[in-house]
Amino acid sequence: MNIGVAITGMGIISAIGNSVDETFDALVKGEKAITTVSNIPTVHAAVMKVGEIKKTNDELAAELGLSPDNNFSRTAMIGALAAKQAVQNAGISLINEYKTGLISATSVGGMDTTEKHYYDYFDNPELVKYISAHDGGDVAQKIAEEIGLKGFVTTISTACSSAANAIMLGARMIKSGKLDRVIVGGTDALAKFTINGFKTLMILSDTYNTPFDNDRKGLNLGEAAAFLVLESDEIVAKENKKVLARVSGYGNANDAFHQTASSENGEGAFLAMEKAFEVSGLKPSDIDYINVHGTATPNNDLSEGRAVIRIFGEENVPDFSSTKPFTGHTLAAAAAIEAVFSILAIQNGIVFPNLNFKTPMAEFNMVPQTAIKHKNIDHVLSNSFGFGGNCSTLIFSKN
Amino acid sequence: MGKTYINGIGCVSAQKTFDTVFLEEAVLNESLNVLPLELPTYKDYISPIAARRMSKAVKNGIVASTIAMKEAHVDTFDAIITGTGMGCIEDSDKFLKAIIDNNEEFLTPTSFIQSTHNTVGAQIALGMTCKAYNFTYVNAAVSFESAVFDAKMQIDADESKTILVGGIDEMTDYTQRLFKLAGFIKNDEEGSFPILNSKSKGTVFSEGATFFVLENKKSTSTYVEIVDIEMVNSLEVSEVESKIISFLKQNNLEVSDVDAVVLGINGDMEFDNYYKSISESAFKNTPQVYYKHLSGEYNTASAFGLFVGSKIIKAQQIPDILKANAITKSEIKHLLLYNQYRGIDHSFTLISKC
């Protein structure tokens, strides 16, 4: 019997590539894409690095074929590009042929346009169209329109775990028969708002982020969008669809410790992983690779590391890596792009390296995989945690 | 398959919806295009020290959820699920304004920390050390319905027994100015802002927080059973009736079985046709209820609608101030709620007496 829910398509755009193929290529070559920011005018440009999609808004609009009077935020544009790729990858031609839904995720939605025009709205009538482009729902509605979807559309916003929760809800809806097919993922463009927010929290690195390193200095922000197509086994069988991998486990829990900081022993993360194992019926020893949240903030990596040790035992932690040195922390999109990386890991039998690592952390004996490693991978566990104590775990499995 | 009951409700809105039975102190104010909140006494629910840093959304969320929990005699949850269209815009506006006005210098993190959309759900969980499932939906007018949908799916599957769901939105001066500029709020110069049979565009806005305790078991405080809920992102005016018929049919009901229909009429002549298309045809002989003249519009105003619908069934009576037509029924067993905003994000909710 097949476990979990079939994944039949995926699409991605991030700093390391504009497609699944480009993404895989960069991951295999160890090409990180953390640079100085170029699309956003910010006074902090000299003291931080970001994972930026090197396309202007005009270039993105042209790629989508948008009319000049469109009111797409950057978040909506990259979201639409990734969702379109996913739908195409799944070989879907008639999107509304089955009961199909869209579950998007975003942290700040169209903030990139709002912050650009904040005071100018009142003097420039041409900008008024962007007022309605601010909220998360607008992003999802635009993605739905771009892929021609009419049906169940919603958006989840639980900060940096958002897309994991979108994938989780989608899997649950397929399992319960509420939908036959669902496009799930997340999108977040870089914004001055988040750059300054994380800067005031003093968790931005002034150089390249170094997850699980004893001398880690904080995160690099990034921007990205990724979507997966999940389909019922009935459609997969009927249309003889290629299954890329399966969503076999998921769990969400709240750390209930602090609005932004994680608890010392990683309670929320521990509970999320525990629930994901329960749903999947798998044991910790079944996991071949962990794509950790690994933001490279002092607090996250310590808390997550302790939670991982509580689940796996310090001697039995499987190969693990954070891929955030490649892309930066892409907030609400992080779990979606890391879902694509997890699927690529399963398909190609590759553990992607945790770049920039030098010194093991003093608190425990956990060393990430620093070089690319080839081996059979049946099950990948992926963690994502967000503000508000929101902790999510997904398990992806070979079909 | 489990059944979902509403066993407790708490509501903070433009009306006195706390310490009252059912809108007996409601006041219709047609002279304002943004209705102010009827404020609860926050210190009865939150310590003044904690309240000082909290935005309206968080405070109202805590008050409304506390009232709902008290009524249901529940103090732990298997899930906390919130919906908010605009999120914590008070803190978000504050942080954004500081960034722009001070050219990205001299910022403090507090308002950024509290600006994330899941702040209300997170603060409630933190306050009661609830480590359970915690989701926040942010999809405009179906934000709250998404939360209810998720909760119902968990109870249906026997995954959860007791769930807190809520819809929260707050208004700020800046957002108000933007919404007036965009025409979402009726033009100040109109002077009078009636909702029913309005001849102008835009609507009357407000804000609020409405929370519900959903359980898989009936109790002495039970209002109604939530039988079904469905959302569709876009529909033509002409498609609404057939959508409702098929929604009822999947619950083995017909239009004539619906004893009252609660409509999200908001006085926007451009989009109230969606309601008109059914109130003048399928539901012309059904008691019709509207509520946004009392609550104002906001992305989660439909949670106020569910509060109204639940109270109607429990009281078996429709207060005159809510009536959109003169039809009456001796018993109100099945009640349908329909809402949309600006032609998108349609939701259909069926609740029944139990």
# chains A, B, ... in the order shown; residues from 1 in each chain; ligands from 1
>>> interface_residues(of="chain A", to="chain B", cutoff="6 Å", atoms="only C-alpha atoms", output="ChimeraX atom specification")
/A:135-137,151-158,197,200-201,252-256,388
>>> residues_around(residues="Tyr291 of chain B", least_positions_apart="5", cutoff="12 Å", atoms="only C-alpha atoms", output="number ranges by chain")
B: 13-15, 23, 26-28, 195-196, 204, 261-267, 296-297, 301-309, 318-324, 337-339
>>> write_last_selection(atoms="C-alpha atoms", output="PDB file, in the first residue's frame")
ATOM      1  CA  SER B  13     -17.554  44.324  17.763  1.00  0.00           C
ATOM      2  CA  ALA B  14     -19.018  47.708  16.955  1.00  0.00           C
ATOM      3  CA  GLN B  15     -22.048  46.663  19.043  1.00  0.00           C
ATOM      4  CA  LEU B  23     -28.120  42.535  20.390  1.00  0.00           C
ATOM      5  CA  ALA B  26     -27.692  47.249  19.363  1.00  0.00           C
ATOM      6  CA  VAL B  27     -27.632  50.707  17.813  1.00  0.00           C
ATOM      7  CA  LEU B  28     -27.940  51.378  14.112  1.00  0.00           C
ATOM      8  CA  ILE B 195     -26.597  49.511   3.922  1.00  0.00           C
ATOM      9  CA  LEU B 196     -29.880  48.108   2.648  1.00  0.00           C
ATOM     10  CA  VAL B 204     -19.065  50.945   5.952  1.00  0.00           C
ATOM     11  CA  VAL B 261     -30.660  32.978   5.289  1.00  0.00           C
ATOM     12  CA  VAL B 262     -27.961  35.279   6.710  1.00  0.00           C
ATOM     13  CA  LEU B 263     -26.504  37.472   3.986  1.00  0.00           C
ATOM     14  CA  GLY B 264     -23.299  39.510   3.994  1.00  0.00           C
ATOM     15  CA  ILE B 265     -24.988  42.536   2.380  1.00  0.00           C
ATOM     16  CA  ASN B 266     -22.635  45.483   2.901  1.00  0.00           C
ATOM     17  CA  GLY B 267     -24.213  48.292   0.907  1.00  0.00           C
ATOM     18  CA  GLY B 296     -19.497  47.023   9.702  1.00  0.00           C
ATOM     19  CA  GLU B 297     -17.482  45.248   7.004  1.00  0.00           C
ATOM     20  CA  ALA B 301     -17.069  40.215   9.660  1.00  0.00           C
ATOM     21  CA  SER B 302     -18.588  36.903   8.560  1.00  0.00           C
ATOM     22  CA  ALA B 303     -17.582  35.573  12.009  1.00  0.00           C
ATOM     23  CA  PHE B 304     -19.998  38.163  13.401  1.00  0.00           C
ATOM     24  CA  GLY B 305     -22.484  36.675  10.916  1.00  0.00           C
ATOM     25  CA  LEU B 306     -21.973  33.205  12.397  1.00  0.00           C
ATOM     26  CA  PHE B 307     -22.454  34.715  15.868  1.00  0.00           C
ATOM     27  CA  VAL B 308     -25.766  36.189  14.637  1.00  0.00           C
ATOM     28  CA  GLY B 309     -26.883  32.940  12.997  1.00  0.00           C
ATOM     29  CA  ILE B 318     -34.794  37.090  14.716  1.00  0.00           C
ATOM     30  CA  PRO B 319     -34.395  40.523  16.312  1.00  0.00           C
ATOM     31  CA  ASP B 320     -36.158  43.173  14.190  1.00  0.00           C
ATOM     32  CA  ILE B 321     -32.920  45.111  13.725  1.00  0.00           C
ATOM     33  CA  LEU B 322     -31.500  42.178  11.702  1.00  0.00           C
ATOM     34  CA  LYS B 323     -34.471  41.565   9.407  1.00  0.00           C
ATOM     35  CA  ALA B 324     -33.971  42.244   5.718  1.00  0.00           C
ATOM     36  CA  LEU B 337     -24.968  31.914   5.716  1.00  0.00           C
ATOM     37  CA  TYR B 338     -23.635  33.353   2.475  1.00  0.00           C
ATOM     38  CA  ASN B 339     -20.855  35.890   2.247  1.00  0.00           C
TER      39      ASN B 339
END
>>> select_by_dssp(residues="segment 84-283 of chain A", states="strand (DSSP E)", output="PyMOL selection string")
chain A and resi 100-105+152-156+181-188+221-222+224-231+245-254
>>> closest_residue(among="A:Ser107, A:Asn365, A:Gln85, A:Thr323", to="Val28 of chain A", atoms="only C-alpha atoms")
A:Thr323
>>> residues_around(residues="Ser19 of chain A", least_positions_apart="2", cutoff="10 Å", atoms="only C-alpha atoms", output="list in words")
Met10, Gly11, Ile12, Ile13, Ser14, Ile16, Gly17, Asp21, Glu22, Thr23, Phe24, Asp25, Leu81, Ala82, Gln85, Ala86 and Ala226 of chain A
>>> write_last_selection(atoms="N, CA and C atoms", output="compact mmCIF listing (two decimals), in the first residue's frame")
# COMPACT_ATOMS: atom_id res chain seq x y z
N MET A 10 6.08 19.98 -9.43
CA MET A 10 6.69 21.00 -8.58
C MET A 10 7.26 22.13 -9.42
N GLY A 11 7.29 23.31 -8.81
CA GLY A 11 7.84 24.49 -9.48
C GLY A 11 8.53 25.35 -8.45
N ILE A 12 9.58 26.04 -8.88
CA ILE A 12 10.37 26.80 -7.91
C ILE A 12 11.09 27.96 -8.57
N ILE A 13 11.17 29.04 -7.83
CA ILE A 13 12.04 30.15 -8.23
C ILE A 13 12.67 30.70 -6.96
N SER A 14 14.00 30.76 -6.96
CA SER A 14 14.70 31.30 -5.79
C SER A 14 16.01 31.89 -6.29
N ILE A 16 18.83 30.64 -6.29
CA ILE A 16 19.72 29.69 -6.96
C ILE A 16 19.18 29.17 -8.30
N GLY A 17 17.99 29.60 -8.67
CA GLY A 17 17.52 29.14 -9.98
C GLY A 17 16.08 29.49 -10.24
N ASP A 21 15.20 22.43 -12.66
CA ASP A 21 16.49 21.99 -13.21
C ASP A 21 17.64 22.90 -12.77
N GLU A 22 17.43 24.20 -12.88
CA GLU A 22 18.47 25.15 -12.46
C GLU A 22 18.77 24.99 -10.97
N THR A 23 17.71 24.76 -10.19
CA THR A 23 17.85 24.60 -8.75
C THR A 23 18.71 23.38 -8.42
N PHE A 24 18.40 22.27 -9.08
CA PHE A 24 19.15 21.03 -8.84
C PHE A 24 20.62 21.21 -9.20
N ASP A 25 20.82 21.86 -10.33
CA ASP A 25 22.18 22.11 -10.82
C ASP A 25 23.00 22.90 -9.78
N LEU A 81 4.66 32.45 -10.99
CA LEU A 81 5.63 31.74 -11.84
C LEU A 81 5.87 30.32 -11.34
N ALA A 82 6.05 30.19 -10.01
CA ALA A 82 6.32 28.86 -9.45
C ALA A 82 5.10 27.95 -9.57
N GLN A 85 4.70 26.68 -13.13
CA GLN A 85 5.66 25.59 -13.39
C GLN A 85 5.16 24.27 -12.82
N ALA A 86 4.64 24.35 -11.59
CA ALA A 86 4.19 23.12 -10.91
C ALA A 86 3.04 22.47 -11.67
N ALA A 226 7.70 28.50 -4.18
CA ALA A 226 7.67 27.12 -4.69
C ALA A 226 6.28 26.55 -4.44
>>> closest_residue(among="A:Ala45, A:Ala276, A:Ile95, A:Ala237", to="Cys391 of chain A", atoms="only C-alpha atoms")
A:Ala276
>>> residues_around(residues="Leu394 of chain A", least_positions_apart="2", cutoff="8 Å", atoms="only C-alpha atoms", output="list in words")
Ala164, Met168, Val247, Ser248, Gly249, Tyr250, Gly251, Met273, Ala276, Leu381, Ser382, Asn383, Ser392 and Phe396 of chain A
>>> atom_distance(atom1="atom CA of Val108 of chain A", atom2="atom CA of Phe387 of chain A")
12.9 Å
>>> residues_around(residues="Cys11 of chain B", least_positions_apart="3", cutoff="9 Å", atoms="only C-alpha atoms", output="ChimeraX atom specification")
/B:16-18,60-61,63-65,67-68,208-212,303-304,307
